[in-house]
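Raw contents of run_26.cif, mmCIF, C-alpha atoms and all ligand atoms:
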data_structure
loop_
_atom_site.group_PDB
_atom_site.id
_atom_site.type_symbol
_atom_site.label_atom_id
_atom_site.label_comp_id
_atom_site.auth_asym_id
_atom_site.auth_seq_id
_atom_site.Cartn_x
_atom_site.Cartn_y
_atom_site.Cartn_z
ATOM 1 C CA MET A 1 110.579 110.061 98.000
ATOM 2 C CA ILE A 2 114.337 109.891 97.624
ATOM 3 C CA ASP A 3 114.094 111.449 94.124
ATOM 4 C CA LYS A 4 112.546 114.530 95.695
ATOM 5 C CA LEU A 5 115.279 114.721 98.336
ATOM 6 C CA ASP A 6 118.214 114.440 95.984
ATOM 7 C CA ASN A 7 118.075 113.449 92.362
ATOM 8 C CA ASP A 8 121.554 111.895 92.288
ATOM 9 C CA LEU A 9 120.851 109.779 95.367
ATOM 10 C CA GLY A 10 117.578 108.639 93.793
ATOM 11 C CA LYS A 11 119.483 107.547 90.665
ATOM 12 C CA ILE A 12 121.954 105.603 92.777
ATOM 13 C CA LEU A 13 119.218 103.783 94.651
ATOM 14 C CA ARG A 14 117.564 102.786 91.359
ATOM 15 C CA GLU A 15 120.917 101.599 90.002
ATOM 16 C CA ALA A 16 121.461 99.530 93.177
ATOM 17 C CA TRP A 17 118.081 97.805 92.743
ATOM 18 C CA ASN A 18 118.769 97.170 89.048
ATOM 19 C CA LEU A 19 122.100 95.520 89.851
ATOM 20 C CA LEU A 20 120.503 93.368 92.558
ATOM 21 C CA LYS A 21 117.608 92.330 90.290
ATOM 22 C CA ASN A 22 120.017 91.481 87.513
ATOM 23 C CA GLY A 23 122.008 89.399 90.013
ATOM 24 C CA CYS A 24 119.201 86.886 90.445
ATOM 25 C CA LYS A 25 118.331 86.771 86.731
ATOM 26 C CA ASP A 26 121.779 86.573 85.135
ATOM 27 C CA ARG A 27 123.910 83.551 86.086
ATOM 28 C CA ASN A 28 127.034 85.437 84.990
ATOM 29 C CA SER A 29 126.303 88.564 87.000
ATOM 30 C CA ALA A 30 128.871 89.543 89.608
ATOM 31 C CA PHE A 31 125.924 90.002 91.986
ATOM 32 C CA ARG A 32 124.675 86.416 91.521
ATOM 33 C CA CYS A 33 126.514 85.004 94.559
ATOM 34 C CA PRO A 34 126.875 87.483 97.431
ATOM 35 C CA THR A 35 128.684 86.892 100.713
ATOM 36 C CA ILE A 36 126.176 86.422 103.530
ATOM 37 C CA SER A 37 127.254 86.917 107.134
ATOM 38 C CA THR A 38 125.557 85.828 110.325
ATOM 39 C CA ILE A 39 126.595 85.732 113.979
ATOM 40 C CA ASN A 40 127.372 82.292 115.343
ATOM 41 C CA VAL A 41 126.554 80.948 118.795
ATOM 42 C CA ASP A 42 129.921 82.220 120.156
ATOM 43 C CA GLY A 43 129.147 85.731 118.926
ATOM 44 C CA HIS A 44 131.617 85.358 116.060
ATOM 45 C CA PRO A 45 130.747 86.605 112.548
ATOM 46 C CA THR A 46 130.629 83.801 109.944
ATOM 47 C CA SER A 47 130.399 84.316 106.176
ATOM 48 C CA ARG A 48 129.573 82.154 103.202
ATOM 49 C CA THR A 49 128.517 82.447 99.560
ATOM 50 C CA LEU A 50 124.822 81.983 98.702
ATOM 51 C CA VAL A 51 122.977 82.194 95.402
ATOM 52 C CA LEU A 52 120.662 85.209 95.243
ATOM 53 C CA ARG A 53 117.285 83.649 94.292
ATOM 54 C CA HIS A 54 114.887 86.582 94.155
ATOM 55 C CA VAL A 55 114.773 90.354 94.677
ATOM 56 C CA ASP A 56 111.606 92.288 95.575
ATOM 57 C CA SER A 57 112.406 96.003 95.552
ATOM 58 C CA GLN A 58 108.865 97.011 96.494
ATOM 59 C CA HIS A 59 109.049 95.151 99.807
ATOM 60 C CA ARG A 60 112.871 95.474 100.112
ATOM 61 C CA MET A 61 113.307 91.712 100.329
ATOM 62 C CA LEU A 62 115.871 89.200 99.062
ATOM 63 C CA ARG A 63 115.381 85.422 98.997
ATOM 64 C CA PHE A 64 117.981 82.719 99.628
ATOM 65 C CA HIS A 65 117.696 78.918 99.954
ATOM 66 C CA THR A 66 119.487 76.645 102.371
ATOM 67 C CA ASP A 67 119.312 73.398 104.343
ATOM 68 C CA ARG A 68 117.535 73.711 107.699
ATOM 69 C CA ARG A 69 120.178 71.379 109.207
ATOM 70 C CA SER A 70 123.017 73.814 108.345
ATOM 71 C CA PRO A 71 124.712 75.964 111.019
ATOM 72 C CA LYS A 72 123.461 79.186 109.446
ATOM 73 C CA TYR A 73 119.865 78.096 110.102
ATOM 74 C CA THR A 74 120.525 77.803 113.858
ATOM 75 C CA GLU A 75 122.466 81.068 113.794
ATOM 76 C CA LEU A 76 119.585 82.950 112.180
ATOM 77 C CA ILE A 77 117.049 81.482 114.589
ATOM 78 C CA GLN A 78 119.180 82.786 117.465
ATOM 79 C CA ASN A 79 120.080 86.096 115.829
ATOM 80 C CA PRO A 80 118.139 87.175 112.710
ATOM 81 C CA ASN A 81 120.583 89.971 111.828
ATOM 82 C CA LEU A 82 122.133 89.287 108.447
ATOM 83 C CA SER A 83 124.626 91.138 106.293
ATOM 84 C CA CYS A 84 124.938 90.769 102.497
ATOM 85 C CA LEU A 85 127.980 91.904 100.554
ATOM 86 C CA PHE A 86 128.066 92.297 96.770
ATOM 87 C CA TYR A 87 130.976 93.467 94.615
ATOM 88 C CA ASN A 88 130.938 94.035 90.887
ATOM 89 C CA ALA A 89 134.638 94.344 89.921
ATOM 90 C CA PRO A 90 134.146 95.522 86.296
ATOM 91 C CA LYS A 91 131.756 98.245 87.473
ATOM 92 C CA LYS A 92 133.768 98.903 90.667
ATOM 93 C CA ILE A 93 130.562 98.949 92.706
ATOM 94 C CA GLN A 94 130.183 97.486 96.180
ATOM 95 C CA ILE A 95 126.786 97.141 97.858
ATOM 96 C CA ARG A 96 126.528 96.315 101.525
ATOM 97 C CA LEU A 97 123.146 95.437 103.034
ATOM 98 C CA GLN A 98 121.977 95.222 106.618
ATOM 99 C CA CYS A 99 118.991 92.887 106.826
ATOM 100 C CA TYR A 100 116.658 91.137 109.201
ATOM 101 C CA ALA A 101 115.979 87.490 108.308
ATOM 102 C CA THR A 102 112.823 85.412 108.549
ATOM 103 C CA ILE A 103 112.953 81.657 108.037
ATOM 104 C CA HIS A 104 110.378 79.608 106.127
ATOM 105 C CA ILE A 105 110.102 75.810 106.376
ATOM 106 C CA ASN A 106 107.178 73.619 105.343
ATOM 107 C CA ASN A 107 104.961 76.598 104.571
ATOM 108 C CA THR A 108 103.529 78.157 101.415
ATOM 109 C CA ILE A 109 106.601 80.358 100.851
ATOM 110 C CA ALA A 110 108.915 77.328 101.074
ATOM 111 C CA ARG A 111 106.588 75.267 98.853
ATOM 112 C CA LYS A 112 106.489 77.925 96.126
ATOM 113 C CA ALA A 113 110.288 78.295 96.131
ATOM 114 C CA TRP A 114 110.727 74.491 96.113
ATOM 115 C CA ASP A 115 108.341 74.124 93.161
ATOM 116 C CA GLN A 116 110.360 76.733 91.243
ATOM 117 C CA SER A 117 113.680 74.984 92.022
ATOM 118 C CA THR A 118 115.376 72.665 89.567
ATOM 119 C CA ARG A 119 115.711 68.925 90.255
ATOM 120 C CA MET A 120 119.465 69.475 90.498
ATOM 121 C CA SER A 121 118.958 72.005 93.326
ATOM 122 C CA ARG A 122 116.451 69.801 95.181
ATOM 123 C CA ILE A 123 118.842 66.838 95.188
ATOM 124 C CA CYS A 124 121.174 68.744 97.572
ATOM 125 C CA TYR A 125 118.558 68.399 100.320
ATOM 126 C CA THR A 126 118.485 64.571 100.143
ATOM 127 C CA ILE A 127 121.855 64.035 101.859
ATOM 128 C CA ASN A 128 121.421 61.984 105.039
ATOM 129 C CA SER A 129 123.720 63.789 107.444
ATOM 130 C CA SER A 130 123.604 67.472 108.293
ATOM 131 C CA PRO A 131 125.779 69.827 106.229
ATOM 132 C CA GLY A 132 129.082 70.316 108.082
ATOM 133 C CA THR A 133 129.149 66.836 109.701
ATOM 134 C CA PRO A 134 132.743 65.433 109.759
ATOM 135 C CA VAL A 135 133.209 62.515 107.293
ATOM 136 C CA GLN A 136 136.172 60.232 106.503
ATOM 137 C CA LYS A 137 136.294 61.225 102.833
ATOM 138 C CA PRO A 138 134.260 63.375 100.418
ATOM 139 C CA PRO A 139 131.020 61.488 99.704
ATOM 140 C CA PRO A 140 129.913 60.730 96.116
ATOM 141 C CA ALA A 141 127.261 62.947 94.549
ATOM 142 C CA PRO A 142 123.791 61.915 95.765
ATOM 143 C CA ALA A 143 121.693 59.935 93.269
ATOM 144 C CA PRO A 144 118.284 59.836 94.988
ATOM 145 C CA GLY A 145 115.019 58.455 93.691
ATOM 146 C CA GLU A 146 111.951 60.673 93.221
ATOM 147 C CA GLN A 147 110.419 59.712 96.591
ATOM 148 C CA GLU A 148 113.611 60.723 98.418
ATOM 149 C CA ILE A 149 113.610 64.075 96.635
ATOM 150 C CA ILE A 150 109.979 64.668 97.563
ATOM 151 C CA LYS A 151 110.734 63.752 101.208
ATOM 152 C CA SER A 152 113.732 66.101 101.340
ATOM 153 C CA PHE A 153 111.419 69.124 101.089
ATOM 154 C CA SER A 154 111.345 68.977 104.898
ATOM 155 C CA ASN A 155 115.081 69.948 104.895
ATOM 156 C CA PHE A 156 114.509 72.880 102.552
ATOM 157 C CA CYS A 157 114.579 76.328 104.084
ATOM 158 C CA VAL A 158 113.876 79.756 102.596
ATOM 159 C CA ILE A 159 115.603 82.787 104.076
ATOM 160 C CA ILE A 160 113.835 86.076 103.431
ATOM 161 C CA ALA A 161 116.129 89.014 104.130
ATOM 162 C CA LYS A 162 114.304 92.304 104.753
ATOM 163 C CA ILE A 163 116.657 95.170 103.924
ATOM 164 C CA LYS A 164 117.066 97.833 106.614
ATOM 165 C CA LYS A 165 120.061 99.624 105.155
ATOM 166 C CA ILE A 166 121.804 99.848 101.772
ATOM 167 C CA GLU A 167 125.306 101.203 101.554
ATOM 168 C CA TRP A 168 126.673 101.991 98.103
ATOM 169 C CA LEU A 169 130.329 102.495 97.166
ATOM 170 C CA TYR A 170 131.542 103.374 93.682
ATOM 171 C CA LEU A 171 135.307 103.473 93.184
ATOM 172 C CA CYS A 172 136.007 106.286 90.744
ATOM 173 C CA SER A 173 139.286 107.998 89.819
ATOM 174 C CA ALA A 174 137.488 111.363 89.858
ATOM 175 C CA GLY A 175 136.475 110.728 93.480
ATOM 176 C CA HIS A 176 134.933 107.709 95.176
ATOM 177 C CA GLN A 177 131.184 107.947 95.800
ATOM 178 C CA ARG A 178 129.608 106.485 98.910
ATOM 179 C CA ALA A 179 125.955 106.748 99.889
ATOM 180 C CA VAL A 180 123.595 105.290 102.470
ATOM 181 C CA PHE A 181 119.842 104.576 102.400
ATOM 182 C CA GLU A 182 118.262 103.528 105.659
ATOM 183 C CA TRP A 183 114.696 102.592 106.541
ATOM 184 C CA THR A 184 113.071 102.597 109.952
ATOM 185 C CA ARG A 185 110.383 100.197 111.229
ATOM 186 C CA ASN A 186 107.553 102.376 109.865
ATOM 187 C CA SER A 187 109.316 102.414 106.456
ATOM 188 C CA SER A 188 110.323 106.085 106.597
ATOM 189 C CA TYR A 189 113.946 106.483 105.588
ATOM 190 C CA TRP A 190 116.852 108.765 105.219
ATOM 191 C CA ALA A 191 119.466 108.960 102.472
ATOM 192 C CA SER A 192 122.832 110.680 102.482
ATOM 193 C CA TRP A 193 126.192 110.855 100.816
ATOM 194 C CA LEU A 194 129.020 109.604 103.030
ATOM 195 C CA THR A 195 132.714 110.343 103.151
ATOM 196 C CA PRO A 196 134.196 107.442 101.123
HETATM 197 C C1 LIG B 201 129.015 79.747 94.331
HETATM 198 C C2 LIG B 201 128.415 79.151 95.587
HETATM 199 C C3 LIG B 201 127.046 79.199 95.752
HETATM 200 C C4 LIG B 201 126.470 78.643 96.902
HETATM 201 N N1 LIG B 201 125.112 78.716 97.060
HETATM 202 C C5 LIG B 201 124.549 78.195 98.180
HETATM 203 C C6 LIG B 201 123.136 78.318 98.387
HETATM 204 O O1 LIG B 201 122.387 78.888 97.600
HETATM 205 N N2 LIG B 201 122.627 77.798 99.548
HETATM 206 C C7 LIG B 201 123.424 77.171 100.471
HETATM 207 O O2 LIG B 201 122.893 76.730 101.502
HETATM 208 N N3 LIG B 201 124.751 77.056 100.303
HETATM 209 C C8 LIG B 201 125.343 77.555 99.177
HETATM 210 N N4 LIG B 201 126.696 77.467 99.006
HETATM 211 C C9 LIG B 201 127.507 76.800 100.064
HETATM 212 C C10 LIG B 201 127.721 77.796 101.222
HETATM 213 O O3 LIG B 201 128.660 78.788 100.831
HETATM 214 C C11 LIG B 201 128.192 77.124 102.521
HETATM 215 O O4 LIG B 201 129.414 76.441 102.301
HETATM 216 C C12 LIG B 201 127.169 76.128 103.067
HETATM 217 O O5 LIG B 201 125.843 76.592 102.886
HETATM 218 C C13 LIG B 201 127.408 75.878 104.565
HETATM 219 O O6 LIG B 201 127.244 77.088 105.253
HETATM 220 P P1 LIG B 201 127.109 77.168 106.861
HETATM 221 O O7 LIG B 201 128.012 76.090 107.393
HETATM 222 O O8 LIG B 201 127.577 78.538 107.195
HETATM 223 O O9 LIG B 201 125.673 76.951 107.205
HETATM 224 C C14 LIG B 201 127.294 78.025 97.873
HETATM 225 C C15 LIG B 201 128.680 78.028 97.697
HETATM 226 C C16 LIG B 201 129.228 78.560 96.580
HETATM 227 C C17 LIG B 201 130.726 78.536 96.423
#
Kindly transcribe the structure held in the file into structure tokens.
Amino acid sequence: MIDKLDNDLGKILREAWNLLKNGCKDRNSAFRCPTISTINVDGHPTSRTLVLRHVDSQHRMLRFHTDRRSPKYTELIQNPNLSCLFYNAPKKIQIRLQCYATIHINNTIARKAWDQSTRMSRICYTINSSPGTPVQKPPPAPAPGEQEIIKSFSNFCVIIAKIKKIEWLYLCSAGHQRAVFEWTRNSSYWASWLTP
């Protein structure tokens, strides 16, 4: 285990998981809304903010929700590599994750996440046109009936991001601290300090 390799690195990894877990529990956490980057069809990186919905440290997985009609869905189908960037300004801690995404629509994972979502969140999936479609003016907020909300489950998409690499950076006047934790396919890993 990492603790056996280097006690300080083990502490940092635990702190990273605690910050991530707190991000999906605490609405006011700086880690609540990370920047998620994908590669678009032209090979260009594209970034956007997503709410962090769940963190599973045992399986090294994060969960996000989106609309299957959005560009990021197509991007992830074509290229499942995903990057997540978190920054906690008061703590001066940045966490950068390299992940591999799997997409879940109309399956038990999507159903469970949908059932746990608020009505307010579900309403977003009732819009008629795909997110990003040009319109003449900003549309009013949707006010769907219950049947429309139920039907919109088919637009709901869960992104599960499996973490391959965690990079930690702590800005400190006594010396910045940067560390990396990387896992291979068979879940063995290496951890190291890096030059900041
Ligand atoms: C604070 C905040 C939270 C957001 N959370 C989500 C979210 O959980 N899921 C989502 O699909 N879009 C969310 N968005 C909107 C996305 O940032 C983005 O504009 C939208 O999903 C379209 O992305 P795409 O065109 O890259 O697919 C959020 C935006 C902000 C500002």
Original post:
Where does the PyMOL selection byres (((not hetatm)) within 7 of (chain B and resi 201)) land in this file, that is, which residues does it pick, as JSON, numbers by chain?
Top reply: {"A": [33, 46, 47, 48, 49, 50, 51, 52, 64, 65, 66, 67, 70, 71, 72, 73, 131, 132]}
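The residues caught by the PyMOL selection byres (((chain A and resi 170-182) around 8) and not hetatm) in this file are Leu9, Leu13, Lys92, Ile93, Gln94, Lys164, Lys165, Ile166, Glu167, Trp168, Leu169, Trp183, Thr184, Tyr189, Trp190, Ala191, Ser192, Trp193, Leu194, Thr195 and Pro196 of chain A.
For the atom pair formed by CA of Ile149 (chain A) and CA of Met61 (chain A), the distance is 27.9 Å, given to one decimal.
Computed from the coordinates, the CA of Thr126 (chain A) to CA of Arg69 (chain A) distance equals 11.5 Å.
Comparing the minimum interatomic distances between Ile109 (chain A) and each of A:Ile12, A:Val135, A:Ile39, A:Val158, counting only C-alpha atoms, we find that A:Val158 sits nearest.
Rounded to one decimal, CA of Thr38 (chain A) and CA of Ile123 (chain A) lie 25.2 Å from each other.
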Generate N, CA and C atoms for region 136-159 of chain A and emit them as a PDB file, in the frame of the given file.
ATOM      1  N   GLN A 136     134.815  60.753 106.724  1.00  0.00           N
ATOM      2  CA  GLN A 136     136.172  60.232 106.503  1.00  0.00           C
ATOM      3  C   GLN A 136     136.736  60.648 105.156  1.00  0.00           C
ATOM      4  N   LYS A 137     135.858  60.772 104.160  1.00  0.00           N
ATOM      5  CA  LYS A 137     136.294  61.225 102.833  1.00  0.00           C
ATOM      6  C   LYS A 137     135.108  61.899 102.135  1.00  0.00           C
ATOM      7  N   PRO A 138     135.372  62.706 101.100  1.00  0.00           N
ATOM      8  CA  PRO A 138     134.260  63.375 100.418  1.00  0.00           C
ATOM      9  C   PRO A 138     133.283  62.345  99.858  1.00  0.00           C
ATOM     10  N   PRO A 139     132.000  62.469 100.180  1.00  0.00           N
ATOM     11  CA  PRO A 139     131.020  61.488  99.704  1.00  0.00           C
ATOM     12  C   PRO A 139     130.754  61.656  98.205  1.00  0.00           C
ATOM     13  N   PRO A 140     130.279  60.577  97.536  1.00  0.00           N
ATOM     14  CA  PRO A 140     129.913  60.730  96.116  1.00  0.00           C
ATOM     15  C   PRO A 140     128.677  61.618  95.984  1.00  0.00           C
ATOM     16  N   ALA A 141     128.453  62.112  94.782  1.00  0.00           N
ATOM     17  CA  ALA A 141     127.261  62.947  94.549  1.00  0.00           C
ATOM     18  C   ALA A 141     126.012  62.110  94.826  1.00  0.00           C
ATOM     19  N   PRO A 142     125.001  62.686  95.496  1.00  0.00           N
ATOM     20  CA  PRO A 142     123.791  61.915  95.765  1.00  0.00           C
ATOM     21  C   PRO A 142     123.062  61.553  94.471  1.00  0.00           C
ATOM     22  N   ALA A 143     122.475  60.357  94.443  1.00  0.00           N
ATOM     23  CA  ALA A 143     121.693  59.935  93.269  1.00  0.00           C
ATOM     24  C   ALA A 143     120.357  59.401  93.779  1.00  0.00           C
ATOM     25  N   PRO A 144     119.527  60.275  94.337  1.00  0.00           N
ATOM     26  CA  PRO A 144     118.284  59.836  94.988  1.00  0.00           C
ATOM     27  C   PRO A 144     117.180  59.489  94.000  1.00  0.00           C
ATOM     28  N   GLY A 145     116.224  58.716  94.470  1.00  0.00           N
ATOM     29  CA  GLY A 145     115.019  58.455  93.691  1.00  0.00           C
ATOM     30  C   GLY A 145     114.024  59.589  93.921  1.00  0.00           C
ATOM     31  N   GLU A 146     112.926  59.568  93.146  1.00  0.00           N
ATOM     32  CA  GLU A 146     111.951  60.673  93.221  1.00  0.00           C
ATOM     33  C   GLU A 146     111.328  60.808  94.612  1.00  0.00           C
ATOM     34  N   GLN A 147     111.045  59.654  95.264  1.00  0.00           N
ATOM     35  CA  GLN A 147     110.419  59.712  96.591  1.00  0.00           C
ATOM     36  C   GLN A 147     111.329  60.399  97.602  1.00  0.00           C
ATOM     37  N   GLU A 148     112.645  60.083  97.497  1.00  0.00           N
ATOM     38  CA  GLU A 148     113.611  60.723  98.418  1.00  0.00           C
ATOM     39  C   GLU A 148     113.652  62.230  98.194  1.00  0.00           C
ATOM     40  N   ILE A 149     113.585  62.627  96.938  1.00  0.00           N
ATOM     41  CA  ILE A 149     113.610  64.075  96.635  1.00  0.00           C
ATOM     42  C   ILE A 149     112.364  64.737  97.228  1.00  0.00           C
ATOM     43  N   ILE A 150     111.229  64.098  97.040  1.00  0.00           N
ATOM     44  CA  ILE A 150     109.979  64.668  97.563  1.00  0.00           C
ATOM     45  C   ILE A 150     110.076  64.809  99.093  1.00  0.00           C
ATOM     46  N   LYS A 151     110.617  63.751  99.740  1.00  0.00           N
ATOM     47  CA  LYS A 151     110.734  63.752 101.208  1.00  0.00           C
ATOM     48  C   LYS A 151     111.677  64.846 101.712  1.00  0.00           C
ATOM     49  N   SER A 152     112.697  65.161 100.881  1.00  0.00           N
ATOM     50  CA  SER A 152     113.732  66.101 101.340  1.00  0.00           C
ATOM     51  C   SER A 152     113.231  67.546 101.404  1.00  0.00           C
ATOM     52  N   PHE A 153     112.010  67.779 100.953  1.00  0.00           N
ATOM     53  CA  PHE A 153     111.419  69.124 101.089  1.00  0.00           C
ATOM     54  C   PHE A 153     111.451  69.581 102.555  1.00  0.00           C
ATOM     55  N   SER A 154     111.362  68.608 103.473  1.00  0.00           N
ATOM     56  CA  SER A 154     111.345  68.977 104.898  1.00  0.00           C
ATOM     57  C   SER A 154     112.699  69.568 105.345  1.00  0.00           C
ATOM     58  N   ASN A 155     113.772  69.349 104.556  1.00  0.00           N
ATOM     59  CA  ASN A 155     115.081  69.948 104.895  1.00  0.00           C
ATOM     60  C   ASN A 155     115.270  71.326 104.256  1.00  0.00           C
ATOM     61  N   PHE A 156     114.358  71.660 103.359  1.00  0.00           N
ATOM     62  CA  PHE A 156     114.509  72.880 102.552  1.00  0.00           C
ATOM     63  C   PHE A 156     114.047  74.108 103.348  1.00  0.00           C
ATOM     64  N   CYS A 157     114.848  75.137 103.275  1.00  0.00           N
ATOM     65  CA  CYS A 157     114.579  76.328 104.084  1.00  0.00           C
ATOM     66  C   CYS A 157     114.753  77.581 103.227  1.00  0.00           C
ATOM     67  N   VAL A 158     113.780  78.465 103.291  1.00  0.00           N
ATOM     68  CA  VAL A 158     113.876  79.756 102.596  1.00  0.00           C
ATOM     69  C   VAL A 158     114.240  80.839 103.606  1.00  0.00           C
ATOM     70  N   ILE A 159     115.237  81.621 103.244  1.00  0.00           N
ATOM     71  CA  ILE A 159     115.603  82.787 104.076  1.00  0.00           C
ATOM     72  C   ILE A 159     115.118  84.033 103.337  1.00  0.00           C
TER      73      ILE A 159
END
